[in-house]
$ cat data14.cif   # mmCIF, C-alpha atoms (C1' of nucleotides)
data_upload
#
loop_
_atom_site.group_PDB
_atom_site.id
_atom_site.type_symbol
_atom_site.label_atom_id
_atom_site.label_comp_id
_atom_site.auth_asym_id
_atom_site.auth_seq_id
_atom_site.Cartn_x
_atom_site.Cartn_y
_atom_site.Cartn_z
ATOM 1 C CA MET A 1 40.082 -189.512 102.102
ATOM 2 C CA ALA A 2 41.038 -191.593 105.146
ATOM 3 C CA ARG A 3 40.108 -194.740 103.230
ATOM 4 C CA GLU A 4 41.746 -193.456 100.061
ATOM 5 C CA LEU A 5 45.085 -192.819 101.786
ATOM 6 C CA LEU A 6 45.519 -196.489 102.677
ATOM 7 C CA GLY A 7 48.354 -197.790 100.499
ATOM 8 C CA TRP A 8 49.978 -194.387 99.993
ATOM 9 C CA ARG A 9 53.571 -193.929 101.108
ATOM 10 C CA VAL A 10 55.025 -191.440 103.541
ATOM 11 C CA VAL A 11 58.639 -190.581 102.725
ATOM 12 C CA SER A 12 60.808 -188.493 105.010
ATOM 13 C CA ARG A 13 64.306 -187.220 104.521
ATOM 14 C CA ILE A 14 65.409 -185.945 107.892
ATOM 15 C CA GLN A 15 69.056 -185.311 108.755
ATOM 16 C CA GLY A 16 69.924 -186.719 105.334
ATOM 17 C CA ILE A 17 68.353 -190.073 106.148
ATOM 18 C CA ARG A 18 65.575 -191.428 103.941
ATOM 19 C CA THR A 19 62.855 -193.396 105.683
ATOM 20 C CA SER A 20 59.496 -194.452 104.324
ATOM 21 C CA GLY A 21 56.437 -196.535 105.071
ATOM 22 C CA ARG A 22 53.148 -197.613 103.555
ATOM 23 C CA ILE A 23 49.984 -196.333 105.209
ATOM 24 C CA VAL A 24 47.953 -199.218 106.678
ATOM 25 C CA GLU A 25 45.772 -197.433 109.261
ATOM 26 C CA THR A 26 44.107 -194.000 109.348
ATOM 27 C CA GLU A 27 41.499 -192.024 111.229
ATOM 28 C CA ALA A 28 39.267 -189.250 109.907
ATOM 29 C CA TYR A 29 38.529 -186.040 111.776
ATOM 30 C CA ILE A 30 35.768 -184.406 109.855
ATOM 31 C CA GLY A 31 35.441 -180.774 110.803
ATOM 32 C CA ALA A 32 33.541 -178.358 112.958
ATOM 33 C CA HIS A 33 30.643 -180.751 113.635
ATOM 34 C CA ASP A 34 32.972 -183.554 114.813
ATOM 35 C CA PRO A 35 33.347 -183.227 118.610
ATOM 36 C CA ALA A 36 36.649 -185.129 118.555
ATOM 37 C CA CYS A 37 38.188 -182.867 115.933
ATOM 38 C CA HIS A 38 40.731 -180.340 117.167
ATOM 39 C CA GLY A 39 39.068 -177.743 114.972
ATOM 40 C CA ALA A 40 35.611 -178.215 116.481
ATOM 41 C CA ALA A 41 36.060 -175.400 118.997
ATOM 42 C CA GLY A 42 37.344 -172.938 116.444
ATOM 43 C CA ARG A 43 40.726 -171.830 115.248
ATOM 44 C CA THR A 44 43.560 -171.685 117.786
ATOM 45 C CA ARG A 45 47.297 -171.425 117.543
ATOM 46 C CA ARG A 46 47.636 -175.169 117.926
ATOM 47 C CA ASN A 47 45.145 -176.225 115.255
ATOM 48 C CA ARG A 48 45.517 -173.422 112.727
ATOM 49 C CA THR A 49 47.115 -175.704 110.127
ATOM 50 C CA MET A 50 43.923 -177.775 110.040
ATOM 51 C CA PHE A 51 42.089 -174.730 108.709
ATOM 52 C CA GLY A 52 44.575 -174.260 105.902
ATOM 53 C CA PRO A 53 44.452 -175.679 102.380
ATOM 54 C CA PRO A 54 44.528 -179.454 101.789
ATOM 55 C CA GLY A 55 47.847 -181.189 101.317
ATOM 56 C CA LEU A 56 49.556 -179.751 104.376
ATOM 57 C CA ALA A 57 51.006 -181.738 107.263
ATOM 58 C CA TYR A 58 49.228 -181.032 110.552
ATOM 59 C CA VAL A 59 51.653 -182.137 113.277
ATOM 60 C CA TYR A 60 50.663 -181.688 116.908
ATOM 61 C CA PHE A 61 52.193 -182.491 120.286
ATOM 62 C CA ILE A 62 50.281 -184.652 122.761
ATOM 63 C CA TYR A 63 50.608 -186.167 126.246
ATOM 64 C CA GLY A 64 53.716 -184.190 127.025
ATOM 65 C CA MET A 65 56.033 -186.243 124.836
ATOM 66 C CA HIS A 66 54.529 -187.420 121.557
ATOM 67 C CA TRP A 67 54.007 -186.054 118.052
ATOM 68 C CA CYS A 68 51.168 -187.078 115.750
ATOM 69 C CA PHE A 69 51.001 -186.577 111.976
ATOM 70 C CA ASN A 70 47.875 -185.720 109.976
ATOM 71 C CA VAL A 71 47.192 -184.947 106.338
ATOM 72 C CA VAL A 72 44.970 -181.882 105.966
ATOM 73 C CA THR A 73 42.145 -182.838 103.593
ATOM 74 C CA GLY A 74 39.487 -180.101 103.812
ATOM 75 C CA ARG A 75 39.123 -176.916 101.836
ATOM 76 C CA GLU A 76 40.677 -173.818 103.307
ATOM 77 C CA GLY A 77 38.606 -172.841 106.340
ATOM 78 C CA ASP A 78 37.271 -176.377 106.958
ATOM 79 C CA PRO A 79 39.179 -178.120 109.783
ATOM 80 C CA GLU A 80 39.359 -181.638 108.329
ATOM 81 C CA ALA A 81 42.339 -183.997 108.515
ATOM 82 C CA VAL A 82 43.357 -187.638 108.431
ATOM 83 C CA LEU A 83 45.488 -188.962 111.282
ATOM 84 C CA ILE A 84 48.095 -191.458 110.093
ATOM 85 C CA ARG A 85 47.942 -194.202 112.738
ATOM 86 C CA ALA A 86 50.215 -196.933 111.372
ATOM 87 C CA LEU A 87 52.698 -197.670 108.602
ATOM 88 C CA GLU A 88 54.345 -200.739 107.160
ATOM 89 C CA PRO A 89 58.055 -199.893 107.299
ATOM 90 C CA LEU A 90 59.652 -199.842 103.824
ATOM 91 C CA GLU A 91 62.970 -197.943 103.760
ATOM 92 C CA GLY A 92 65.457 -196.906 106.415
ATOM 93 C CA LEU A 93 64.694 -199.646 108.917
ATOM 94 C CA ASP A 94 68.051 -199.197 110.644
ATOM 95 C CA ALA A 95 67.437 -195.489 111.155
ATOM 96 C CA MET A 96 63.951 -196.232 112.465
ATOM 97 C CA GLU A 97 65.330 -198.751 114.944
ATOM 98 C CA HIS A 98 67.917 -196.251 116.103
ATOM 99 C CA ARG A 99 65.375 -193.443 116.558
ATOM 100 C CA ARG A 100 62.919 -195.750 118.320
ATOM 101 C CA GLY A 101 65.519 -197.494 120.462
ATOM 102 C CA ARG A 102 64.089 -200.933 119.685
ATOM 103 C CA ARG A 103 63.770 -203.365 116.791
ATOM 104 C CA ARG A 104 60.037 -204.044 116.937
ATOM 105 C CA ASP A 105 56.992 -201.775 117.058
ATOM 106 C CA LEU A 106 58.641 -199.210 114.816
ATOM 107 C CA THR A 107 55.614 -197.617 113.141
ATOM 108 C CA ASN A 108 52.453 -199.270 114.554
ATOM 109 C CA GLY A 109 51.024 -196.225 116.283
ATOM 110 C CA PRO A 110 50.659 -192.525 115.484
ATOM 111 C CA ALA A 111 53.433 -191.336 117.807
ATOM 112 C CA ARG A 112 55.688 -194.284 117.083
ATOM 113 C CA LEU A 113 55.690 -193.627 113.340
ATOM 114 C CA CYS A 114 56.501 -189.967 113.902
ATOM 115 C CA GLN A 115 59.499 -190.917 116.005
ATOM 116 C CA ALA A 116 60.625 -193.528 113.465
ATOM 117 C CA LEU A 117 60.418 -191.109 110.525
ATOM 118 C CA GLY A 118 61.796 -188.119 112.431
ATOM 119 C CA ILE A 119 58.555 -186.121 112.174
ATOM 120 C CA ASP A 120 58.133 -183.342 114.742
ATOM 121 C CA GLY A 121 56.524 -179.946 115.167
ATOM 122 C CA THR A 122 58.930 -178.225 112.817
ATOM 123 C CA LEU A 123 57.007 -179.918 109.981
ATOM 124 C CA ASP A 124 53.619 -178.547 111.031
ATOM 125 C CA GLY A 125 52.234 -176.709 107.994
ATOM 126 C CA HIS A 126 54.662 -178.368 105.578
ATOM 127 C CA PRO A 127 53.273 -179.016 102.044
ATOM 128 C CA LEU A 128 53.384 -182.752 101.438
ATOM 129 C CA ASP A 129 54.430 -182.563 97.780
ATOM 130 C CA ARG A 130 58.055 -181.747 98.525
ATOM 131 C CA ALA A 131 61.007 -182.715 100.691
ATOM 132 C CA PRO A 132 61.633 -183.323 103.496
ATOM 133 C CA LEU A 133 58.223 -184.972 103.947
ATOM 134 C CA VAL A 134 56.373 -186.343 100.931
ATOM 135 C CA LEU A 135 53.141 -188.227 100.386
ATOM 136 C CA GLU A 136 53.355 -190.576 97.383
ATOM 137 C CA PRO A 137 50.496 -192.471 95.699
ATOM 138 C CA PRO A 138 50.562 -196.265 95.458
ATOM 139 C CA ASP A 139 51.825 -197.969 92.334
ATOM 140 C CA SER A 140 49.047 -198.162 89.791
ATOM 141 C CA PRO A 141 46.915 -200.128 89.676
ATOM 142 C CA PRO A 142 46.848 -200.559 93.460
ATOM 143 C CA ALA A 143 46.399 -204.140 94.574
ATOM 144 C CA PRO A 144 42.914 -204.636 96.022
ATOM 145 C CA ALA A 145 42.912 -205.204 99.776
ATOM 146 C CA PRO A 146 40.135 -205.670 102.332
ATOM 147 C CA VAL A 147 39.552 -202.542 104.401
ATOM 148 C CA GLY A 148 38.255 -202.722 107.959
ATOM 149 C CA VAL A 149 36.327 -199.974 109.699
ATOM 150 C CA SER A 150 35.981 -199.287 113.415
ATOM 151 C CA GLY A 151 35.520 -196.556 115.958
ATOM 152 C CA ARG A 152 38.398 -194.211 116.627
ATOM 153 C CA ILE A 153 41.042 -194.997 119.232
ATOM 154 C CA GLY A 154 42.205 -193.098 122.275
ATOM 155 C CA ILE A 155 39.507 -190.427 122.279
ATOM 156 C CA ARG A 156 36.521 -189.818 124.529
ATOM 157 C CA LYS A 157 34.224 -187.775 122.334
ATOM 158 C CA ALA A 158 32.432 -189.440 119.412
ATOM 159 C CA ARG A 159 34.453 -192.593 120.019
ATOM 160 C CA ASP A 160 32.011 -194.861 118.189
ATOM 161 C CA TRP A 161 31.906 -192.937 114.948
ATOM 162 C CA PRO A 162 33.139 -195.418 112.282
ATOM 163 C CA LEU A 163 36.059 -193.307 111.106
ATOM 164 C CA ARG A 164 39.061 -195.573 111.600
ATOM 165 C CA PHE A 165 40.176 -197.439 108.479
ATOM 166 C CA PHE A 166 42.789 -200.162 108.183
ATOM 167 C CA LEU A 167 44.081 -202.856 105.828
ATOM 168 C CA THR A 168 42.783 -205.961 107.580
ATOM 169 C CA THR A 169 45.605 -208.187 106.332
ATOM 170 C CA SER A 170 48.368 -205.930 107.612
ATOM 171 C CA SER A 171 50.618 -207.113 110.418
ATOM 172 C CA HIS A 172 51.636 -203.525 111.202
ATOM 173 C CA LEU A 173 48.438 -202.133 112.742
ATOM 174 C CA SER A 174 48.498 -200.221 116.009
ATOM 175 C CA SER A 175 48.396 -202.688 118.899
ATOM 176 C CA GLY A 176 47.218 -202.672 122.465
ATOM 177 C CA PRO A 177 43.876 -203.209 124.155
ATOM 178 C CA HIS A 178 42.198 -200.751 121.823
ATOM 179 C CA LEU A 179 42.300 -203.042 118.856
ATOM 180 C CA GLU A 180 40.178 -205.653 120.581
ATOM 181 C CA ALA A 181 38.031 -203.202 122.484
ATOM 182 C CA ALA A 182 35.196 -203.029 120.014
ATOM 183 C CA PRO A 183 35.305 -206.041 117.692
ATOM 184 C CA GLU A 184 31.615 -205.763 116.938
ATOM 185 C CA SER A 185 32.149 -202.365 115.380
ATOM 186 C CA VAL A 186 34.573 -203.807 112.865
ATOM 187 C CA MET A 187 32.968 -204.450 109.518
ATOM 188 C CA ARG A 188 33.954 -205.341 106.020
ATOM 189 C CA PRO A 189 32.759 -203.251 103.119
ATOM 190 C "C1'" DC B 1 48.815 -212.030 127.436
ATOM 191 C "C1'" DG B 2 46.061 -208.313 129.828
ATOM 192 C "C1'" DG B 3 45.830 -204.547 133.187
ATOM 193 C "C1'" DT B 4 47.806 -200.478 135.519
ATOM 194 C "C1'" DG B 5 50.042 -196.214 136.231
ATOM 195 C "C1'" DG B 6 53.757 -192.868 135.252
ATOM 196 C "C1'" DA B 7 56.103 -189.782 132.123
ATOM 197 C "C1'" DT B 8 55.995 -184.870 130.667
ATOM 198 C "C1'" DT B 9 54.590 -180.474 128.167
ATOM 199 C "C1'" DC B 10 51.600 -177.776 125.754
ATOM 200 C "C1'" DT B 11 47.111 -175.459 125.060
ATOM 201 C "C1'" DC B 12 43.110 -173.334 126.236
ATOM 202 C "C1'" DT B 13 39.592 -172.338 129.924
ATOM 203 C "C1'" DG C 1 44.574 -176.176 136.444
ATOM 204 C "C1'" DA C 2 42.563 -179.816 133.756
ATOM 205 C "C1'" DG C 3 43.079 -182.846 130.260
ATOM 206 C "C1'" DA C 4 45.009 -184.605 126.096
ATOM 207 C "C1'" DA C 5 43.805 -188.247 118.608
ATOM 208 C "C1'" DT C 6 50.139 -192.008 123.433
ATOM 209 C "C1'" DC C 7 53.715 -195.025 124.717
ATOM 210 C "C1'" DC C 8 56.275 -197.885 127.791
ATOM 211 C "C1'" DA C 9 57.799 -200.331 131.913
ATOM 212 C "C1'" DC C 10 56.198 -203.192 135.076
ATOM 213 C "C1'" DC C 11 53.185 -206.443 137.315
ATOM 214 C "C1'" DG C 12 50.821 -210.906 137.718
ATOM 215 C "C1'" DA C 13 49.131 -215.120 135.574
#
$ encode --input "data14.cif" --output "structure tokens"
Amino acid sequence: MARELLGWRVVSRIQGIRTSGRIVETEAYIGAHDPACHGAAGRTRRNRTMFGPPGLAYVYFIYGMHWCFNVVTGREGDPEAVLIRALEPLEGLDAMEHRRGRRRDLTNGPARLCQALGIDGTLDGHPLDRAPLVLEPPDSPPAPAPVGVSGRIGIRKARDWPLRFFLTTSSHLSSGPHLEAAPESVMRP
DNA sequence: CGGTGGATTCTCT
DNA sequence: GAGAATCCACCGA
């Protein structure tokens, strides 16, 4: 599902402002046997949405100041989700710039894209087939694009599991030292 | 450009 | 009380 979601669009309508972006980078968190998955240690108040039915938004707060947005993908009871790590901005660029307080680096990072689209904890558990936060499929047929795979970013446990997926030609991927940290783990299907 | 450390709050042990 | 699926300002080259 993490690979499949590349090319889909995330559309938000927050405070009457429409913003959207195309998914270019994702990470998979694959359930109770995945040590890096929030659901690995069982159901808690924080991660309960992960255990719900697929199609919900799992939004969690991290590092004292950031929100991150996941798409719940597992069956009810299975804590599986896809973290949306980067978008290509499409609509509402001015609103994104205003929310982010800068004109670059609007959506290249999981917390950055949440800030740009106005996503916060009030949307945790929201079904993604309706406003104010909607997941839309790509235009059919989707243009073929090379997909890169690497280890996941910013975690300690199971860091080398090849569960990060990205459109290699995108100029909107998450930046920083992480991207170059493990070039040998990047492969082309 | 790369490296470093601070911000800041919530959750669970 | 530790640590977290992060970001940003700042530093030096």
$ interface_residues --input "data14.cif" --of "chain A" --to "chain B" --cutoff "9 Å" --atoms "all atoms listed in the file" --output "ChimeraX atom specification"
/A:44-46,61-65,177
$ interface_residues --input "data14.cif" --of "chain C" --to "chain A" --cutoff "8 Å" --atoms "only C-alpha atoms (C1' of nucleotides)" --output "short mmCIF file (atom, residue, chain, number, x, y, z; two decimals) with C-alpha atoms (C1' of nucleotides), in the coordinates of the input"
data_model
loop_
_atom_site.label_atom_id
_atom_site.label_comp_id
_atom_site.auth_asym_id
_atom_site.auth_seq_id
_atom_site.Cartn_x
_atom_site.Cartn_y
_atom_site.Cartn_z
"C1'" DA C 4 45.01 -184.60 126.10
"C1'" DA C 5 43.80 -188.25 118.61
"C1'" DT C 6 50.14 -192.01 123.43
"C1'" DC C 7 53.72 -195.02 124.72
#
$ axis_aligned_box --input "data14.cif" --around "stretch 1-9 of chain C" --padding-each-side "5 Å" --output "AutoDock Vina command-line options"
--center_x 50.2 --center_y -188.3 --center_z 127.5 --size_x 25.2 --size_y 34.2 --size_z 27.8
$ atom_distance --input "data14.cif" --atom1 "atom CA of A:Ser170" --atom2 "atom CA of A:Glu88"
7.9 Å
$ resolve_selection --input "data14.cif" --expression "the PyMOL selection byres ((chain A and resi 93) around 9)" --output "list in words"
Thr19, Ser20, Pro89, Leu90, Glu91, Gly92, Asp94, Ala95, Met96, Glu97, His98, Arg103, Leu106 and Ala116 of chain A
$ atom_distance --input "data14.cif" --atom1 "atom CA of A:Ala86" --atom2 "atom CA of A:Thr73"
18.0 Å
$ resolve_selection --input "data14.cif" --expression "the PyMOL selection byres ((chain A and resi 124) around 10)" --output "PyMOL selection string"
chain A and resi 46-50+56-60+69-70+119-123+125-127
$ residues_near_point --input "data14.cif" --point "(41.5, -203.8, 105.2)" --cutoff "8 Å" --atoms "all atoms listed in the file" --output "list in words"
Ala145, Pro146, Val147, Gly148, Val149, Phe165, Phe166, Leu167, Thr168, Thr169, Ser170 and Arg188 of chain A
$ atom_distance --input "data14.cif" --atom1 "atom CA of A:Val71" --atom2 "atom CA of A:Arg102"
26.8 Å
